[in-house]
Amino acid sequence: MSLSRTELRDSGAREGAGVLESRLTGLSREEFARAVWGRTASLTRRASDFSDVFSPSAVDELISRRGLRTPFLRVAKDGATLPSSSFTAPAGVGATVADQLDDTALWRAFADGATLVLQALHRTWEPVADLVSGLSTELGHPVQANAYVTPPQNRGFDAHYDVHDVFVLQIEGAKRWVIHEPLLPDPLRDQPWTDHRAAVADRAAHSTPHLDTMLRPGDVLYLPRGWLHSAQAQGEVSIHLTLGVHAWTRYALAEQLTRAALAALGEDPSMRRSLPLAGPNEPGGSHGTDGVLDLVRERLLAAVAGADPAPLFDRARRSQARPAPLGPVAQLTALSGLAATSPVRLRKALEPRLEGTRLFTRVGYLDFPAADLVPVARLLDGRVHTAGDLGLALAGRLLRAGVLVPADR
C-alpha cells in the first residue's frame, strides 16, 4: 500500500533535517529506510516549495540561452523519442558546434505536443545540483536529475519501468500518474523494460493500478525501480523533476567480489597452467576425468571466501558520482595569492577517507608524511580553516590537487 503524508511541509522543516525529511518525504533517513526504500511507492503531498530549485523560467533559460547540446536534451512524442537532428542546428558564426539546441525547432515541437526532457540537470543547473548532491550523500547512492516539460493533455512516454529508483518532484502544473506493481522486481541495469515490452503493456492495460493520482506543485512521488508508471499532463503545461537514484545492489557487490577473487587466482601458478589437450568431443578435456573442473571450482570458492571486495567496490562507488564543481580561474587565483590568513575548506562531495598515511577521494589519492596527518585529519570536518592553520605548503599542495578550495568566512 502506498504511503501518503498530507500535512503541509516546507523547506524549513526541523533544523538539521536531511534532504529526505526537509524536502522530499517528511521522513527521517531511518524511517524512510525502514518503511519505504526499495519496498513500495510513496506519495507525499505538498512536501516542499521547489521554486528555489527549478521553474518554468529555468526551462526557458536552459533551452534558449545556455548553448546546450545533445544529449542534454531529448524530445519525445506519443511514446517515441524524436531524432536529435530534428531539434539541433549549427551554433552560428565563430563556432564549430553542429548540434546545439535549436530553440525555434524545439518551440514548434513543443507546440505540437512533444515533451522536452532536460537531462543531467545536476550538471547544468546549480540549485538542482545542490539538491542532488545532498540527497546522494544522505542515501549513499549516486543520484542524477532530469526535468520533463509536457504541454497540456499530452504524454511523453508509454507505460514503462526504470532500472533505478526515482523521486518525482512536481514543479508546475498537474500531471496524472498511473502506477502498477512490478512485473520484474528490482531489475538490474541490463534488464530494461524494453526487454518485456509486450508484458509491460499488458500489465498496464489490464491490471488494477496500485495508485492512480494527480500530482500538483510541491507533491513528491517515490517509486522503487521496476514499478510500472505512465504520466499525462492535464490542462496546462506540466514540469516535473525526476531524481534518479542508481542504487548499488547485492549483484554489484557480487561482481566486485568475483573480480577480487579472479585477481587473487591470477597470482596462483597452478591456476595459470594450460588445460589438457583434448578435442571438443573428447571426455578428458577441461572438465573430464582428470578433475580439472573440480580443482578450479575448489580454488575459485576458496578465493571468493578470502577475497576483500571493499577496495574495488569503494573505487566503483566513487567513480559513479562527481565532486562539487571546481572553477579553474578561482582555484589558480587562490593558489597564487595563498597567505596564512587565506580561508580554505575541503571540496564538497569528495567522500574523503584517511587510511594510514593515504587520503582517498573521488579525485584520486594522496600520500602524506606523518607530520601532515593531523592537519589533514582536521580538514575532514568540512569546516573553513586558514592556510596558516594547515601549513602553507600543505594547503598549496591540496589546492593544486583540487582537494582544497577557497572559502568565504
# chains A, B, ... in the order shown; residues from 1 in each chain; ligands from 1
call {"tool": "residues_around", "arguments": {"residues": "A:Arg299", "least_positions_apart": "4", "cutoff": "8 Å", "atoms": "only C-alpha atoms", "output": "VMD selection string"}}
result
chain A and resid 265 295 303
call {"tool": "select_by_dssp", "arguments": {"residues": "stretch 97-323 of chain A", "states": "strand (DSSP E or B)", "output": "PyMOL selection string"}}
result
chain A and resi 100-101+115-118+143-150+160+165-172+175-180+211-215+220-223+228-233+238-245
call {"tool": "atom_distance", "arguments": {"atom1": "atom CA of A:Ser57", "atom2": "atom CA of A:Asp158"}}
result
27.4 Å
call {"tool": "atom_distance", "arguments": {"atom1": "atom CA of A:Arg155", "atom2": "atom CA of A:Leu62"}}
result
21.6 Å
call {"tool": "closest_residue", "arguments": {"among": "A:Leu82, A:Ala76, A:Val128, A:Leu27", "to": "A:Val53", "atoms": "only C-alpha atoms"}}
result
A:Val128
call {"tool": "residues_around", "arguments": {"residues": "A:Ala264", "least_positions_apart": "6", "cutoff": "10 Å", "atoms": "only C-alpha atoms", "output": "list in words"}}
result
Thr258, Leu300, Ala303, Val304, Gly306 and Ala307 of chain A
call {"tool": "write_last_selection", "arguments": {"atoms": "all heavy atoms", "output": "mmCIF file, in the first residue's frame"}}
result
data_model
loop_
_atom_site.group_PDB
_atom_site.id
_atom_site.type_symbol
_atom_site.label_atom_id
_atom_site.label_comp_id
_atom_site.auth_asym_id
_atom_site.auth_seq_id
_atom_site.Cartn_x
_atom_site.Cartn_y
_atom_site.Cartn_z
ATOM 1 N N THR A 258 33.732 -11.108 -7.164
ATOM 2 C CA THR A 258 34.245 -12.030 -8.173
ATOM 3 C C THR A 258 35.529 -11.495 -8.795
ATOM 4 O O THR A 258 36.495 -12.243 -9.016
ATOM 5 C CB THR A 258 33.191 -12.261 -9.259
ATOM 6 O OG1 THR A 258 31.993 -12.767 -8.662
ATOM 7 C CG2 THR A 258 33.683 -13.260 -10.292
ATOM 8 N N LEU A 300 38.432 -21.546 -6.845
ATOM 9 C CA LEU A 300 37.603 -20.359 -7.014
ATOM 10 C C LEU A 300 36.786 -20.075 -5.759
ATOM 11 O O LEU A 300 36.710 -18.927 -5.290
ATOM 12 C CB LEU A 300 36.668 -20.525 -8.216
ATOM 13 C CG LEU A 300 35.689 -19.377 -8.486
ATOM 14 C CD1 LEU A 300 36.441 -18.074 -8.721
ATOM 15 C CD2 LEU A 300 34.793 -19.705 -9.678
ATOM 16 N N ALA A 303 39.006 -18.678 -3.180
ATOM 17 C CA ALA A 303 39.380 -17.293 -3.477
ATOM 18 C C ALA A 303 38.242 -16.340 -3.152
ATOM 19 O O ALA A 303 38.462 -15.242 -2.621
ATOM 20 C CB ALA A 303 39.779 -17.164 -4.947
ATOM 21 N N VAL A 304 37.020 -16.743 -3.458
ATOM 22 C CA VAL A 304 35.863 -15.912 -3.126
ATOM 23 C C VAL A 304 35.742 -15.764 -1.615
ATOM 24 O O VAL A 304 35.479 -14.668 -1.093
ATOM 25 C CB VAL A 304 34.569 -16.512 -3.718
ATOM 26 C CG1 VAL A 304 33.335 -15.818 -3.140
ATOM 27 C CG2 VAL A 304 34.570 -16.380 -5.238
ATOM 28 N N GLY A 306 38.024 -15.798 0.559
ATOM 29 C CA GLY A 306 39.086 -14.998 1.145
ATOM 30 C C GLY A 306 39.228 -13.611 0.542
ATOM 31 O O GLY A 306 40.071 -12.832 0.989
ATOM 32 N N ALA A 307 38.411 -13.288 -0.459
ATOM 33 C CA ALA A 307 38.569 -12.013 -1.169
ATOM 34 C C ALA A 307 38.002 -10.857 -0.356
ATOM 35 O O ALA A 307 37.015 -11.011 0.377
ATOM 36 C CB ALA A 307 37.879 -12.088 -2.523
#
call {"tool": "closest_atom_pairs", "arguments": {"of": "stretch 142-254 of chain A", "to": "stretch 104-109 of chain A", "cutoff": "12 Å", "atoms": "only C-alpha atoms", "output": "CSV"}}
result
residue,atom,partner,partner_atom,distance
A:Val149,CA,A:Leu106,CA,11.6
A:Thr150,CA,A:Ala109,CA,10.9
A:Pro151,CA,A:Ala109,CA,10.1
call {"tool": "write_last_selection", "arguments": {"atoms": "all heavy atoms", "output": "compact mmCIF listing (two decimals), in the first residue's frame"}}
result
# COMPACT_ATOMS: atom_id res chain seq x y z
N VAL A 149 9.14 18.35 -19.37
CA VAL A 149 8.29 19.51 -19.65
C VAL A 149 7.27 19.08 -20.70
O VAL A 149 7.62 18.86 -21.86
CB VAL A 149 9.12 20.70 -20.15
CG1 VAL A 149 8.25 21.95 -20.27
CG2 VAL A 149 10.33 20.94 -19.26
N THR A 150 6.01 18.95 -20.27
CA THR A 150 4.97 18.37 -21.12
C THR A 150 3.86 19.37 -21.37
O THR A 150 3.33 19.96 -20.42
CB THR A 150 4.39 17.11 -20.45
OG1 THR A 150 5.45 16.21 -20.11
CG2 THR A 150 3.42 16.39 -21.39
N PRO A 151 3.48 19.58 -22.65
CA PRO A 151 2.38 20.51 -22.94
C PRO A 151 1.04 19.93 -22.48
O PRO A 151 0.94 18.73 -22.19
CB PRO A 151 2.43 20.66 -24.46
CG PRO A 151 3.15 19.45 -24.94
CD PRO A 151 4.09 19.04 -23.85
call {"tool": "residues_around", "arguments": {"residues": "A:Pro325", "least_positions_apart": "3", "cutoff": "10 Å", "atoms": "only C-alpha atoms", "output": "list in words"}}
result
Arg123, Glu126, Ala129, Arg322, Pro328, Arg347, Lys348 and Ala349 of chain A
call {"tool": "atom_distance", "arguments": {"atom1": "atom CA of A:Arg250", "atom2": "atom CA of A:Asp186"}}
result
10.9 Å
call {"tool": "closest_residue", "arguments": {"among": "A:Arg216, A:Arg39, A:Arg297, A:Arg225", "to": "A:Ala174", "atoms": "only C-alpha atoms"}}
result
A:Arg216
call {"tool": "residues_around", "arguments": {"residues": "A:Asp162", "least_positions_apart": "2", "cutoff": "10 Å", "atoms": "only C-alpha atoms", "output": "tab-separated table (two decimals) with N, CA and C atoms, in the first residue's frame"}}
result
chain	number	residue	atom	x	y	z
A	160	HIS	N	6.05	2.19	-18.56
A	160	HIS	CA	7.36	1.56	-18.55
A	160	HIS	C	7.85	1.47	-17.11
A	164	HIS	N	16.25	2.23	-12.07
A	164	HIS	CA	16.74	2.96	-10.90
A	164	HIS	C	15.53	3.50	-10.14
A	165	ASP	N	15.69	3.74	-8.86
A	165	ASP	CA	14.62	4.35	-8.06
A	165	ASP	C	14.47	5.81	-8.49
A	166	VAL	N	13.26	6.36	-8.32
A	166	VAL	CA	13.05	7.76	-8.69
A	166	VAL	C	12.25	8.49	-7.62
A	186	ASP	N	12.91	-5.27	-8.78
A	186	ASP	CA	14.32	-4.90	-8.64
A	186	ASP	C	15.15	-5.21	-9.89
A	187	PRO	N	14.76	-4.73	-11.06
A	187	PRO	CA	15.55	-5.02	-12.26
A	187	PRO	C	16.94	-4.43	-12.19
A	188	LEU	N	17.91	-5.13	-12.77
A	188	LEU	CA	19.27	-4.63	-12.85
A	188	LEU	C	19.41	-3.69	-14.04
A	189	ARG	N	20.55	-3.06	-14.16
A	189	ARG	CA	20.72	-2.04	-15.20
A	189	ARG	C	20.67	-2.64	-16.60
A	191	GLN	N	18.59	-4.99	-17.52
A	191	GLN	CA	17.28	-5.63	-17.64
A	191	GLN	C	16.20	-4.57	-17.89
A	192	PRO	N	16.29	-3.80	-18.99
A	192	PRO	CA	15.36	-2.69	-19.24
A	192	PRO	C	13.96	-3.17	-19.57
A	193	TRP	N	13.01	-2.25	-19.46
A	193	TRP	CA	11.61	-2.59	-19.71
A	193	TRP	C	11.37	-2.98	-21.17
A	223	LEU	N	9.21	6.08	-6.35
A	223	LEU	CA	8.97	4.77	-6.96
A	223	LEU	C	10.24	3.95	-6.91
A	224	PRO	N	10.20	2.76	-6.32
A	224	PRO	CA	11.37	1.88	-6.42
A	224	PRO	C	11.54	1.41	-7.86
A	225	ARG	N	12.75	1.00	-8.21
A	225	ARG	CA	12.98	0.51	-9.58
A	225	ARG	C	12.06	-0.68	-9.87
A	226	GLY	N	11.60	-0.74	-11.09
A	226	GLY	CA	10.74	-1.83	-11.51
A	226	GLY	C	9.26	-1.52	-11.48
A	227	TRP	N	8.85	-0.48	-10.75
A	227	TRP	CA	7.44	-0.16	-10.68
A	227	TRP	C	6.98	0.50	-11.98
A	228	LEU	N	5.92	-0.03	-12.57
A	228	LEU	CA	5.42	0.48	-13.84
A	228	LEU	C	4.73	1.83	-13.63
A	229	HIS	N	4.94	2.74	-14.59
A	229	HIS	CA	4.29	4.04	-14.46
A	229	HIS	C	4.13	4.71	-15.81
A	244	GLY	N	16.84	10.45	-10.19
A	244	GLY	CA	17.08	9.02	-10.35
A	244	GLY	C	18.16	8.53	-9.43
call {"tool": "closest_residue", "arguments": {"among": "A:Thr333, A:Thr357, A:Ser28, A:Gln234", "to": "A:Glu138", "atoms": "only C-alpha atoms"}}
result
A:Ser28
call {"tool": "closest_residue", "arguments": {"among": "A:Arg203, A:Ala231, A:Thr208, A:Pro311", "to": "A:Gln256", "atoms": "only C-alpha atoms"}}
result
A:Pro311
call {"tool": "residues_around", "arguments": {"residues": "A:Leu359", "least_positions_apart": "2", "cutoff": "12 Å", "atoms": "only C-alpha atoms", "output": "PyMOL selection string"}}
result
chain A and resi 350-357+361-369+372-373+376-377+379-380+398+401+403
